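Peer 1: I'd like to ask some things about the structure below.
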Amino acid sequence: MKTLKIGWAGLGNMGTPMALNILKAGYELTVYNRNKNKEQELTTAGAISANSLKELSSHCDVVFTMLSDDGAVKSVYDENEGLLSGAKPGMLLIDMSTVAPETSRFLAAKCKIKQVAFIDAPVSGSVQPAKDGKLIILTGAEIADFEKAKPILGALGKLALHLGPVGAGSSAKVAINYLLGVNIQALAETVLFAEQNGISKEDMLTIINEGACGNGIIKLKTPAILADNYPPAFALKYIVKDLKLAKGAGLKSPLSEPLLNTFEAAAADGLGEEDLMAVIKYLRK
């Protein structure tokens, strides 16, 4: 058993497999989730359950958070019985949520008051890379804090990049998710345009994937398009959130506004809980 005591708050589709990889790497792991049923897979695998966020942070040397949005992250850190209420000087808090760069800097300032180090470390990759420990981890941190965290991050991803001070990880994440949104909408439009002109989706996807225009995300989404079935590896509602974060961080490119409008409309049309590739169903109408 490795000596650092690790904590984890936020056990959703991404958080649970990531936390399991911490256990597999040999760390003592304590978990907290408001819905205790979501802790069961971890506690069965050997994790300890904390009764509160305060207890979690007081028991651990390093605590990870993986939560849905800025409001949830701020609440978990800064509420009366939140992580900072039990934090000890010298410990390390690592937020892996996709939030605004300004939110990461806000959390870092709160941590500094408590003499606690903070890293923003969102990830590029969805559920399967999380299970496989092959995420790309985008960090903003003091270099000494990054070096301390790097061995633990190695249990979660194939690559951990130090991109600059706190906020840099979040900036990189909203940028890469903008590209994700562009890729997905362009793929949907291309397949639908080809079908309108008598080219089957099977043939069009073969042309894309066997040529220079093919890429990892297109190959990943091809089976879903062929089956016209979109279970949420990355729910469409979250790309709406992330495109809004990019807009809030200053994105004003020509494609950004219509892209956000399309995904917002698709979510309003009832597709928010499906995979973001389900935007093709909205565009087909």
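All residue names refer to the structure tokens as shown: chains lettered A, B, ... in order, residues numbered from 1 in each chain, ligands numbered from 1 in order.
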Output as JSON lines one row per residue of range 152-212 of chain A within 8 Å of range 270-279 of chain A: the closest atom pair and its distance in Å to one decimal place, counting only C-alpha atoms, sorted by chain and residue number ascending.

Peer 2:
```
{"residue": "A:Ile184", "atom": "CA", "partner": "A:Met277", "partner_atom": "CA", "distance": 6.2}
{"residue": "A:Gln185", "atom": "CA", "partner": "A:Val279", "partner_atom": "CA", "distance": 7.1}
{"residue": "A:Ala188", "atom": "CA", "partner": "A:Val279", "partner_atom": "CA", "distance": 7.2}
```

Peer 1: Please produce an output containing N, CA, C and O atoms for each residue in the selection, written as a PDB file, in the first residue's frame.

Peer 2:
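To be explicit, this is the file written out as selection_0.pdb:
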```pdb
ATOM      1  N   ILE A 184     -17.992  16.910 -34.108  1.00  0.00           N
ATOM      2  CA  ILE A 184     -19.231  16.145 -34.047  1.00  0.00           C
ATOM      3  C   ILE A 184     -20.293  16.736 -34.963  1.00  0.00           C
ATOM      4  O   ILE A 184     -20.963  16.014 -35.712  1.00  0.00           O
ATOM      5  N   GLN A 185     -20.467  18.052 -34.926  1.00  0.00           N
ATOM      6  CA  GLN A 185     -21.475  18.649 -35.799  1.00  0.00           C
ATOM      7  C   GLN A 185     -21.083  18.506 -37.267  1.00  0.00           C
ATOM      8  O   GLN A 185     -21.935  18.207 -38.121  1.00  0.00           O
ATOM      9  N   ALA A 188     -21.868  14.967 -38.357  1.00  0.00           N
ATOM     10  CA  ALA A 188     -23.311  14.771 -38.536  1.00  0.00           C
ATOM     11  C   ALA A 188     -23.785  15.412 -39.831  1.00  0.00           C
ATOM     12  O   ALA A 188     -24.525  14.799 -40.621  1.00  0.00           O
TER      13      ALA A 188
END
```

Peer 1: Residues near range 122-135 of chain A, anyone? I mean within 6 Å using only C-alpha atoms, not counting same-chain ones fewer than 3 positions away, as a list in words.

Peer 2: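 Non-adjacent residues within range: Met14, Pro17, Met18, Met96, Ser97, Thr98, Leu138, Leu156, Gly157, Lys158 and Ala233 of chain A.
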
Peer 1: My list of candidates is A:Val76, A:Ile113, A:Ala100, A:Leu92. Which is closest to Ala144 in chain A when distances are computed with only C-alpha atoms?

Peer 2: A:Leu92

Peer 1: Go through A:Lys150, A:Lys5, A:Lys38, A:Lys173 and flag the residue nearest Asp61 in chain A, using only C-alpha atoms for the distances.

Peer 2: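 Looking at the shortest contact to Asp61 in chain A, the residue is A:Lys5.
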
Peer 1: Could you write out, as a list in words, all the residues of range 38-162 of chain A that DSSP marks as strand (DSSP E)?

Peer 2: Ile48, Ser49, Val62, Val63, Phe64, Thr65, Leu92, Leu93, Ile94, Asp95, Ala117, Phe118, Ile119, Asp120, Val123, Ser124, Leu135, Ile136, Ile137, Leu138, Thr139, Gly157, Lys158, Leu159, Ala160, Leu161 and His162 of chain A

Peer 1: Given the choices A:Ile22, A:Leu243, A:Leu259, A:Leu220, which gets closest to Lys2 in chain A if the distance is worked out from only C-alpha atoms?

Peer 2: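 So, comparing all the options, the nearest one is A:Ile22.
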
Peer 1: When you count only C-alpha atoms, which of these residues is closest to Gly15 in chain A: A:Leu67, A:Leu56, A:Phe193, A:Asp78?

Peer 2: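 Of all the options, A:Leu67 lies closest to Gly15 in chain A.
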
Peer 1: Ranking A:Gly71, A:Gly7, A:Gly198, A:Gly211 by minimum distance to Leu107 in chain A and counting only C-alpha atoms, which one comes first?

Peer 2: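 Looking at the shortest contact to Leu107 in chain A, the residue is A:Gly71.
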
Peer 1: I'd like the interatomic distance between CA of Val191 in chain A and CA of Pro254 in chain A, to a tenth of an Å.

Peer 2: 22.2 Å

Peer 1: Find the spatial neighbours of Lys148 in chain A, counting only C-alpha atoms, within a cut-off of 12 Å - ignore same-chain residues fewer than 4 positions away - and output them as a ChimeraX atom specification.

Peer 2: /A:4,61-62,90-94,117-119,141-144,152-154

Peer 1: Would you save the residues from that selection as an mmCIF file, in the first residue's frame, using N, CA and C atoms?

Peer 2:
```cif
data_model
loop_
_atom_site.group_PDB
_atom_site.id
_atom_site.type_symbol
_atom_site.label_atom_id
_atom_site.label_comp_id
_atom_site.auth_asym_id
_atom_site.auth_seq_id
_atom_site.Cartn_x
_atom_site.Cartn_y
_atom_site.Cartn_z
ATOM 1 N N LEU A 4 0.598 7.729 0.640
ATOM 2 C CA LEU A 4 -0.342 8.847 0.556
ATOM 3 C C LEU A 4 -1.781 8.351 0.673
ATOM 4 N N ASP A 61 -4.440 13.071 2.404
ATOM 5 C CA ASP A 61 -3.331 13.942 2.013
ATOM 6 C C ASP A 61 -3.627 14.651 0.686
ATOM 7 N N VAL A 62 -4.352 13.963 -0.187
ATOM 8 C CA VAL A 62 -4.709 14.473 -1.512
ATOM 9 C C VAL A 62 -6.171 14.144 -1.747
ATOM 10 N N GLY A 90 -0.750 22.191 3.765
ATOM 11 C CA GLY A 90 0.175 21.283 3.099
ATOM 12 C C GLY A 90 -0.482 20.193 2.268
ATOM 13 N N MET A 91 -1.795 20.020 2.410
ATOM 14 C CA MET A 91 -2.445 18.992 1.605
ATOM 15 C C MET A 91 -2.675 19.509 0.188
ATOM 16 N N LEU A 92 -3.138 18.635 -0.685
ATOM 17 C CA LEU A 92 -3.304 18.960 -2.092
ATOM 18 C C LEU A 92 -4.724 18.628 -2.534
ATOM 19 N N LEU A 93 -5.400 19.600 -3.131
ATOM 20 C CA LEU A 93 -6.731 19.399 -3.690
ATOM 21 C C LEU A 93 -6.635 19.507 -5.214
ATOM 22 N N ILE A 94 -7.205 18.530 -5.912
ATOM 23 C CA ILE A 94 -7.098 18.448 -7.370
ATOM 24 C C ILE A 94 -8.498 18.355 -7.956
ATOM 25 N N ALA A 117 -2.565 23.482 -1.284
ATOM 26 C CA ALA A 117 -2.226 23.565 -2.694
ATOM 27 C C ALA A 117 -3.413 23.122 -3.545
ATOM 28 N N PHE A 118 -3.540 23.717 -4.736
ATOM 29 C CA PHE A 118 -4.660 23.406 -5.628
ATOM 30 C C PHE A 118 -4.151 23.213 -7.045
ATOM 31 N N ILE A 119 -4.704 22.212 -7.729
ATOM 32 C CA ILE A 119 -4.413 21.959 -9.144
ATOM 33 C C ILE A 119 -5.733 21.839 -9.892
ATOM 34 N N ALA A 141 -1.026 24.543 -12.490
ATOM 35 C CA ALA A 141 -0.531 24.388 -11.120
ATOM 36 C C ALA A 141 0.840 25.025 -10.968
ATOM 37 N N GLU A 142 1.227 25.228 -9.718
ATOM 38 C CA GLU A 142 2.633 25.461 -9.413
ATOM 39 C C GLU A 142 3.398 24.189 -9.766
ATOM 40 N N ILE A 143 4.599 24.331 -10.299
ATOM 41 C CA ILE A 143 5.327 23.171 -10.791
ATOM 42 C C ILE A 143 5.611 22.157 -9.677
ATOM 43 N N ALA A 144 5.876 22.642 -8.459
ATOM 44 C CA ALA A 144 6.147 21.715 -7.345
ATOM 45 C C ALA A 144 4.904 20.892 -7.017
ATOM 46 N N ILE A 152 0.485 10.114 -8.950
ATOM 47 C CA ILE A 152 -0.914 9.704 -8.768
ATOM 48 C C ILE A 152 -1.668 9.871 -10.086
ATOM 49 N N LEU A 153 -1.400 10.962 -10.781
ATOM 50 C CA LEU A 153 -2.054 11.189 -12.075
ATOM 51 C C LEU A 153 -1.716 10.080 -13.059
ATOM 52 N N GLY A 154 -0.548 9.470 -12.872
ATOM 53 C CA GLY A 154 -0.146 8.363 -13.732
ATOM 54 C C GLY A 154 -1.059 7.162 -13.632
#
```

Peer 1: Counting only C-alpha atoms, which of A:Pro151, A:Gly12, A:Gly181, A:Gly82 gets nearest to Cys111 in chain A?

Peer 2: A:Gly82

Peer 1: Can you pull out the residues contacting Ala172 in chain A? Cut-off 10 Å, using only C-alpha atoms, and skip same-chain residues under 4 positions away; I want them as a list of chain:residue names.

Peer 2: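 Here the answer would be A:Pro101, A:Ala121, A:Pro122, A:Val123, A:Ser124, A:Leu138, A:Thr139, A:Gly140, A:Leu163, A:Gly167, A:Ala168, A:Ile176, A:Asn177, A:Tyr178, A:Ala246.
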